[in-house]
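Participant: So I've got this file, query_20.pdb, and it contains PDB, C-alpha atoms:
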ATOM      1  CA  MET A  21     -21.221 -25.167   9.174  1.00  0.00           C
ATOM      2  CA  ILE A  22     -20.891 -25.507  12.948  1.00  0.00           C
ATOM      3  CA  ALA A  23     -17.444 -23.886  12.916  1.00  0.00           C
ATOM      4  CA  ARG A  24     -18.824 -21.106  10.730  1.00  0.00           C
ATOM      5  CA  SER A  25     -21.591 -20.446  13.254  1.00  0.00           C
ATOM      6  CA  PHE A  26     -18.979 -19.680  15.895  1.00  0.00           C
ATOM      7  CA  GLN A  27     -17.342 -17.091  13.656  1.00  0.00           C
ATOM      8  CA  PHE A  28     -20.275 -15.323  12.014  1.00  0.00           C
ATOM      9  CA  PRO A  29     -23.634 -16.230  13.549  1.00  0.00           C
ATOM     10  CA  SER A  30     -26.477 -14.964  11.402  1.00  0.00           C
ATOM     11  CA  ALA A  31     -29.824 -13.821  12.720  1.00  0.00           C
ATOM     12  CA  LEU A  32     -31.347 -17.255  12.180  1.00  0.00           C
ATOM     13  CA  GLU A  33     -28.478 -19.168  13.750  1.00  0.00           C
ATOM     14  CA  GLN A  34     -28.750 -19.484  17.490  1.00  0.00           C
ATOM     15  CA  SER A  35     -25.889 -21.040  19.356  1.00  0.00           C
ATOM     16  CA  LEU A  36     -25.006 -21.163  22.990  1.00  0.00           C
ATOM     17  CA  VAL A  37     -21.453 -21.923  23.977  1.00  0.00           C
ATOM     18  CA  GLU A  38     -20.536 -22.460  27.585  1.00  0.00           C
ATOM     19  CA  PHE A  39     -16.939 -22.089  28.708  1.00  0.00           C
ATOM     20  CA  ARG A  40     -16.581 -24.654  31.446  1.00  0.00           C
ATOM     21  CA  ARG A  41     -12.867 -24.136  32.133  1.00  0.00           C
ATOM     22  CA  PRO A  42     -10.302 -21.536  30.967  1.00  0.00           C
ATOM     23  CA  LEU A  43      -7.518 -22.154  28.466  1.00  0.00           C
ATOM     24  CA  ASP A  44      -4.686 -21.138  30.805  1.00  0.00           C
ATOM     25  CA  GLY A  45      -5.642 -23.506  33.640  1.00  0.00           C
ATOM     26  CA  ARG A  46      -6.989 -20.898  36.057  1.00  0.00           C
ATOM     27  CA  THR A  47     -10.069 -21.883  37.963  1.00  0.00           C
ATOM     28  CA  VAL A  48     -13.562 -20.870  36.952  1.00  0.00           C
ATOM     29  CA  ASN A  49     -16.174 -21.569  39.621  1.00  0.00           C
ATOM     30  CA  GLY A  50     -13.590 -23.607  41.563  1.00  0.00           C
ATOM     31  CA  ARG A  51     -12.634 -25.911  38.650  1.00  0.00           C
ATOM     32  CA  SER A  52      -9.527 -26.136  36.436  1.00  0.00           C
ATOM     33  CA  ASN A  53      -8.291 -28.147  33.393  1.00  0.00           C
ATOM     34  CA  ALA A  54      -8.893 -27.635  29.660  1.00  0.00           C
ATOM     35  CA  VAL A  55     -11.776 -25.743  28.132  1.00  0.00           C
ATOM     36  CA  GLN A  56     -14.897 -27.660  27.325  1.00  0.00           C
ATOM     37  CA  PHE A  57     -17.471 -26.367  24.903  1.00  0.00           C
ATOM     38  CA  ARG A  58     -21.042 -27.415  24.960  1.00  0.00           C
ATOM     39  CA  VAL A  59     -23.286 -26.395  22.111  1.00  0.00           C
ATOM     40  CA  ARG A  60     -26.903 -26.496  23.208  1.00  0.00           C
ATOM     41  CA  SER A  61     -28.691 -25.758  19.952  1.00  0.00           C
ATOM     42  CA  ILE A  62     -27.909 -24.576  16.461  1.00  0.00           C
ATOM     43  CA  GLU A  63     -30.602 -23.635  13.998  1.00  0.00           C
ATOM     44  CA  GLN A  64     -29.329 -22.893  10.533  1.00  0.00           C
ATOM     45  CA  ASP A  65     -31.009 -21.127   7.690  1.00  0.00           C
ATOM     46  CA  HIS A  66     -30.557 -22.592   4.239  1.00  0.00           C
ATOM     47  CA  THR A  67     -29.068 -19.555   2.492  1.00  0.00           C
ATOM     48  CA  PRO A  68     -25.915 -20.366   0.492  1.00  0.00           C
ATOM     49  CA  LEU A  69     -22.670 -19.627   2.324  1.00  0.00           C
ATOM     50  CA  GLY A  70     -21.330 -17.192  -0.307  1.00  0.00           C
ATOM     51  CA  LYS A  71     -24.422 -15.029  -0.170  1.00  0.00           C
ATOM     52  CA  GLN A  72     -24.386 -14.967   3.641  1.00  0.00           C
ATOM     53  CA  ALA A  73     -20.697 -14.055   3.708  1.00  0.00           C
ATOM     54  CA  ARG A  74     -21.225 -11.191   1.230  1.00  0.00           C
ATOM     55  CA  GLU A  75     -24.170  -9.855   3.223  1.00  0.00           C
ATOM     56  CA  GLN A  76     -22.208 -10.021   6.463  1.00  0.00           C
ATOM     57  CA  ALA A  77     -19.192  -8.360   4.849  1.00  0.00           C
ATOM     58  CA  ARG A  78     -21.408  -5.520   3.587  1.00  0.00           C
ATOM     59  CA  GLU A  79     -22.973  -5.099   7.023  1.00  0.00           C
ATOM     60  CA  GLY A  80     -19.545  -5.084   8.666  1.00  0.00           C
ATOM     61  CA  ALA A  81     -18.181  -2.515   6.213  1.00  0.00           C
ATOM     62  CA  ALA A  82     -21.219  -0.295   6.774  1.00  0.00           C
ATOM     63  CA  LYS A  83     -20.742  -0.496  10.545  1.00  0.00           C
ATOM     64  CA  ILE A  84     -17.045   0.386  10.273  1.00  0.00           C
ATOM     65  CA  LEU A  85     -17.807   3.314   7.969  1.00  0.00           C
ATOM     66  CA  SER A  86     -20.518   4.668  10.238  1.00  0.00           C
ATOM     67  CA  ARG A  87     -18.255   4.350  13.297  1.00  0.00           C
ATOM     68  CA  THR A  88     -15.437   6.139  11.474  1.00  0.00           C
ATOM     69  CA  VAL A  89     -17.734   8.976  10.449  1.00  0.00           C
ATOM     70  CA  GLY A  90     -19.040   9.170  14.006  1.00  0.00           C
ATOM     71  CA  LEU A  91     -15.519   9.349  15.455  1.00  0.00           C
ATOM     72  CA  THR A  92     -14.558  12.031  12.954  1.00  0.00           C
ATOM     73  CA  GLN A  93     -17.545  14.091  14.022  1.00  0.00           C
ATOM     74  CA  LYS A  94     -16.675  13.604  17.710  1.00  0.00           C
ATOM     75  CA  PHE A  95     -13.081  14.735  17.038  1.00  0.00           C
ATOM     76  CA  ARG A  96     -14.387  17.843  15.296  1.00  0.00           C
ATOM     77  CA  ASP A  97     -16.664  18.551  18.211  1.00  0.00           C
ATOM     78  CA  LEU A  98     -13.772  18.179  20.667  1.00  0.00           C
ATOM     79  CA  ARG A  99     -11.448  20.359  18.545  1.00  0.00           C
ATOM     80  CA  ILE A 100      -8.859  17.591  18.505  1.00  0.00           C
ATOM     81  CA  ALA A 101      -8.683  17.641  14.711  1.00  0.00           C
ATOM     82  CA  GLN A 102      -7.212  21.149  14.755  1.00  0.00           C
ATOM     83  CA  GLN A 103      -3.995  19.768  16.210  1.00  0.00           C
ATOM     84  CA  TYR A 104      -3.655  17.443  13.234  1.00  0.00           C
ATOM     85  CA  SER A 105      -3.810  20.385  10.834  1.00  0.00           C
ATOM     86  CA  GLY A 106      -0.228  21.366  11.583  1.00  0.00           C
ATOM     87  CA  GLY A 107       1.319  24.126  13.592  1.00  0.00           C
ATOM     88  CA  PHE A 108       3.691  24.110  16.528  1.00  0.00           C
ATOM     89  CA  ASN A 109       2.303  21.488  18.899  1.00  0.00           C
ATOM     90  CA  LEU A 110       3.136  18.029  20.206  1.00  0.00           C
ATOM     91  CA  VAL A 111       0.618  16.198  17.992  1.00  0.00           C
ATOM     92  CA  SER A 112       2.041  17.789  14.850  1.00  0.00           C
ATOM     93  CA  ALA A 113       5.602  16.895  15.906  1.00  0.00           C
ATOM     94  CA  GLY A 114       4.536  13.304  16.574  1.00  0.00           C
ATOM     95  CA  LYS A 115       2.856  13.093  13.190  1.00  0.00           C
ATOM     96  CA  CYS A 116       5.991  14.393  11.456  1.00  0.00           C
ATOM     97  CA  LEU A 117       8.113  11.833  13.286  1.00  0.00           C
ATOM     98  CA  TRP A 118       5.657   9.055  12.424  1.00  0.00           C
ATOM     99  CA  GLU A 119       5.664   9.988   8.717  1.00  0.00           C
ATOM    100  CA  ALA A 120       9.469  10.041   8.615  1.00  0.00           C
ATOM    101  CA  LEU A 121       9.708   6.638  10.307  1.00  0.00           C
ATOM    102  CA  VAL A 122       7.110   5.141   7.977  1.00  0.00           C
ATOM    103  CA  CYS A 123       8.957   6.466   4.908  1.00  0.00           C
ATOM    104  CA  VAL A 124      12.299   5.079   6.075  1.00  0.00           C
ATOM    105  CA  GLY A 125      10.710   1.768   7.069  1.00  0.00           C
ATOM    106  CA  MET A 126       8.891   1.396   3.746  1.00  0.00           C
ATOM    107  CA  SER A 127      12.077   2.243   1.833  1.00  0.00           C
ATOM    108  CA  LEU A 128      14.083  -0.364   3.728  1.00  0.00           C
ATOM    109  CA  GLY A 129      11.289  -2.898   3.305  1.00  0.00           C
ATOM    110  CA  LEU A 130      11.129  -2.325  -0.452  1.00  0.00           C
ATOM    111  CA  ILE A 131      14.911  -2.643  -0.731  1.00  0.00           C
ATOM    112  CA  ALA A 132      14.783  -5.959   1.136  1.00  0.00           C
ATOM    113  CA  LEU A 133      11.824  -7.185  -0.956  1.00  0.00           C
ATOM    114  CA  TYR A 134      13.486  -6.378  -4.260  1.00  0.00           C
ATOM    115  CA  ARG A 135      16.807  -7.857  -3.092  1.00  0.00           C
ATOM    116  CA  GLN A 136      15.087 -11.168  -2.300  1.00  0.00           C
ATOM    117  CA  ARG A 137      12.404 -11.460  -4.982  1.00  0.00           C
ATOM    118  CA  PHE A 138      13.567  -9.411  -7.969  1.00  0.00           C
ATOM    119  CA  ASN A 139      17.326  -9.946  -7.982  1.00  0.00           C
ATOM    120  CA  ARG A 140      17.510 -10.880 -11.684  1.00  0.00           C
ATOM    121  CA  GLN A 141      18.125  -8.708 -14.703  1.00  0.00           C
ATOM    122  CA  GLY A 142      16.839  -9.289 -18.209  1.00  0.00           C
ATOM    123  CA  ARG A 143      18.253  -7.897 -21.456  1.00  0.00           C
ATOM    124  CA  SER A 144      16.208  -4.692 -21.417  1.00  0.00           C
ATOM    125  CA  ALA A 145      16.948  -3.997 -17.744  1.00  0.00           C
ATOM    126  CA  LYS A 146      20.651  -4.590 -18.374  1.00  0.00           C
ATOM    127  CA  PHE A 147      20.581  -2.149 -21.302  1.00  0.00           C
ATOM    128  CA  LEU A 148      18.827   0.487 -19.202  1.00  0.00           C
ATOM    129  CA  SER A 149      21.138   0.079 -16.207  1.00  0.00           C
ATOM    130  CA  ASP A 150      24.280   0.094 -18.389  1.00  0.00           C
ATOM    131  CA  ASN A 151      23.231   3.403 -19.943  1.00  0.00           C
ATOM    132  CA  ALA A 152      21.642   5.046 -16.873  1.00  0.00           C
ATOM    133  CA  PHE A 153      24.668   7.132 -15.850  1.00  0.00           C
ATOM    134  CA  ALA A 154      25.192   8.484 -19.374  1.00  0.00           C
ATOM    135  CA  VAL A 155      21.497   9.340 -19.584  1.00  0.00           C
ATOM    136  CA  TYR A 156      21.748  11.119 -16.226  1.00  0.00           C
ATOM    137  CA  LEU A 157      24.726  13.174 -17.406  1.00  0.00           C
ATOM    138  CA  PHE A 158      23.518  14.073 -20.900  1.00  0.00           C
ATOM    139  CA  HIS A 159      19.720  14.410 -20.564  1.00  0.00           C
ATOM    140  CA  PRO A 160      19.590  18.215 -19.874  1.00  0.00           C
ATOM    141  CA  PRO A 161      20.905  19.317 -23.291  1.00  0.00           C
ATOM    142  CA  VAL A 162      18.727  16.714 -25.027  1.00  0.00           C
ATOM    143  CA  ILE A 163      15.609  17.960 -23.206  1.00  0.00           C
ATOM    144  CA  ILE A 164      16.431  21.580 -24.033  1.00  0.00           C
ATOM    145  CA  ALA A 165      17.006  20.774 -27.707  1.00  0.00           C
ATOM    146  CA  LEU A 166      13.772  18.780 -27.964  1.00  0.00           C
ATOM    147  CA  ALA A 167      11.806  21.495 -26.111  1.00  0.00           C
ATOM    148  CA  ILE A 168      13.046  24.072 -28.640  1.00  0.00           C
ATOM    149  CA  LEU A 169      11.977  21.753 -31.474  1.00  0.00           C
ATOM    150  CA  LEU A 170       8.521  21.205 -29.905  1.00  0.00           C
ATOM    151  CA  ASN A 171       7.938  24.927 -29.270  1.00  0.00           C
ATOM    152  CA  PRO A 172       6.123  25.636 -32.561  1.00  0.00           C
ATOM    153  CA  VAL A 173       3.863  22.569 -32.180  1.00  0.00           C
ATOM    154  CA  ALA A 174       0.281  23.632 -31.413  1.00  0.00           C
ATOM    155  CA  ALA A 175      -0.808  21.215 -28.674  1.00  0.00           C
ATOM    156  CA  PRO A 176      -2.010  21.409 -25.063  1.00  0.00           C
ATOM    157  CA  PRO A 177       0.870  21.844 -22.571  1.00  0.00           C
ATOM    158  CA  LEU A 178       0.247  18.510 -20.844  1.00  0.00           C
ATOM    159  CA  LEU A 179       0.419  16.652 -24.145  1.00  0.00           C
ATOM    160  CA  LYS A 180       3.614  18.506 -25.081  1.00  0.00           C
ATOM    161  CA  ALA A 181       5.179  17.596 -21.712  1.00  0.00           C
ATOM    162  CA  ALA A 182       4.303  13.912 -22.170  1.00  0.00           C
ATOM    163  CA  LEU A 183       5.649  13.952 -25.734  1.00  0.00           C
ATOM    164  CA  LEU A 184       8.841  15.715 -24.611  1.00  0.00           C
ATOM    165  CA  THR A 185       9.376  13.171 -21.821  1.00  0.00           C
ATOM    166  CA  ALA A 186       8.912  10.160 -24.092  1.00  0.00           C
ATOM    167  CA  CYS A 187      11.073  11.584 -26.886  1.00  0.00           C
ATOM    168  CA  ALA A 188      13.820  12.693 -24.497  1.00  0.00           C
ATOM    169  CA  ALA A 189      14.003   9.236 -22.894  1.00  0.00           C
ATOM    170  CA  VAL A 190      14.238   7.457 -26.246  1.00  0.00           C
ATOM    171  CA  VAL A 191      16.754   9.924 -27.744  1.00  0.00           C
ATOM    172  CA  THR A 192      18.958  10.053 -24.646  1.00  0.00           C
ATOM    173  CA  PHE A 193      19.157   6.263 -24.278  1.00  0.00           C
ATOM    174  CA  ALA A 194      19.843   5.921 -28.013  1.00  0.00           C
ATOM    175  CA  LEU A 195      22.603   8.561 -27.877  1.00  0.00           C
ATOM    176  CA  SER A 196      24.100   6.902 -24.837  1.00  0.00           C
ATOM    177  CA  ALA A 197      24.194   3.436 -26.383  1.00  0.00           C
ATOM    178  CA  LEU A 198      25.155   4.408 -29.927  1.00  0.00           C
ATOM    179  CA  VAL A 199      27.375   7.457 -29.432  1.00  0.00           C
ATOM    180  CA  PHE A 200      28.562   8.324 -25.922  1.00  0.00           C
ATOM    181  CA  ARG A 201      29.593   4.822 -24.827  1.00  0.00           C
ATOM    182  CA  ARG A 202      31.519   4.224 -28.071  1.00  0.00           C
ATOM    183  CA  ILE A 203      33.809   7.210 -27.542  1.00  0.00           C
ATOM    184  CA  PRO A 204      36.939   5.767 -25.865  1.00  0.00           C
ATOM    185  CA  VAL A 205      37.402   8.613 -23.376  1.00  0.00           C
ATOM    186  CA  LEU A 206      33.744   8.552 -22.282  1.00  0.00           C
ATOM    187  CA  ASN A 207      33.567   4.749 -22.267  1.00  0.00           C
ATOM    188  CA  ARG A 208      35.960   4.594 -19.307  1.00  0.00           C
ATOM    189  CA  ILE A 209      33.734   6.966 -17.318  1.00  0.00           C
ATOM    190  CA  LEU A 210      30.314   5.750 -18.396  1.00  0.00           C
TER     191      LEU A 210
END
Translate the structure of the given file into structure tokens.
Facilitator:
Amino acid sequence: MIARSFQFPSALEQSLVEFRRPLDGRTVNGRSNAVQFRVRSIEQDHTPLGKQAREQAREGAAKILSRTVGLTQKFRDLRIAQQYSGGFNLVSAGKCLWEALVCVGMSLGLIALYRQRFNRQGRSAKFLSDNAFAVYLFHPPVIIALAILLNPVAAPPLLKAALLTACAAVVTFALSALVFRRIPVLNRIL
């Protein structure tokens, strides 16, 4: 509880910590050596730790939100936010550069993560990867044929698009595995 009072002192906890000497050995008031702490008094309330932590987290989040809203309002007042809306200016160019660097960095990070953590392949992933190139090559005619078949169906467009996507994926993978990869000429390519 004493260590907790140094991190998050509540309203009822009163602690006084004196730094007698600095950590890096410089002198404070003509003295040097290690830091010494002296706790004069600590009064604790008897509220459970979990409840106190939740209350302090809520208070901290509210403070951060109010500061963010306040900064946003100050930026609007100073007309700084207009530069972030785009256009031909230095802030917009910097933002474009930042976004490009973040995208490249995240892509490289994900590649490294998947190379280290997810470098195994199960049966279904092997099936999908073995047939991926054939699906890539032959999916346009399959989608067109299925779209023509789904044209008379009376359904909302979003539902038809989802149905077309699911059916096209299943049909194209099935055609790839059962037909295209069994043809000797295509088997060498696919």
Participant: Please, what distance in Å, to one decimal, runs between atom CA of A:Asn151 and atom CA of A:Arg201?
Facilitator: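 Interatomic distance, atom CA of A:Asn151 to atom CA of A:Arg201: 8.1 Å.
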Participant: With distances taken over all atoms listed in the file, which residue among A:Ala152, A:Ala145, A:Ile209, A:Ile168 lies nearest A:Ala194?
Facilitator: A:Ala152
Participant: Taking (19.0, 12.0, -27.6) in the file's coordinates, which residues come within 10 Å, counting only C-alpha atoms, written as a PyMOL selection string?
Facilitator: chain A and resi 155+158-163+165-166+187-196+199
Participant: So how many Å separate atom CA of A:Ala167 and atom CA of A:Leu184, to one decimal?
Facilitator: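 Going from atom CA of A:Ala167 over to atom CA of A:Leu184, I get 6.7 Å.
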Participant: To one decimal place in Å, what is the distance between atom CA of A:Leu210 and atom CA of A:Ala197?
Facilitator: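 It comes out at 10.3 Å.
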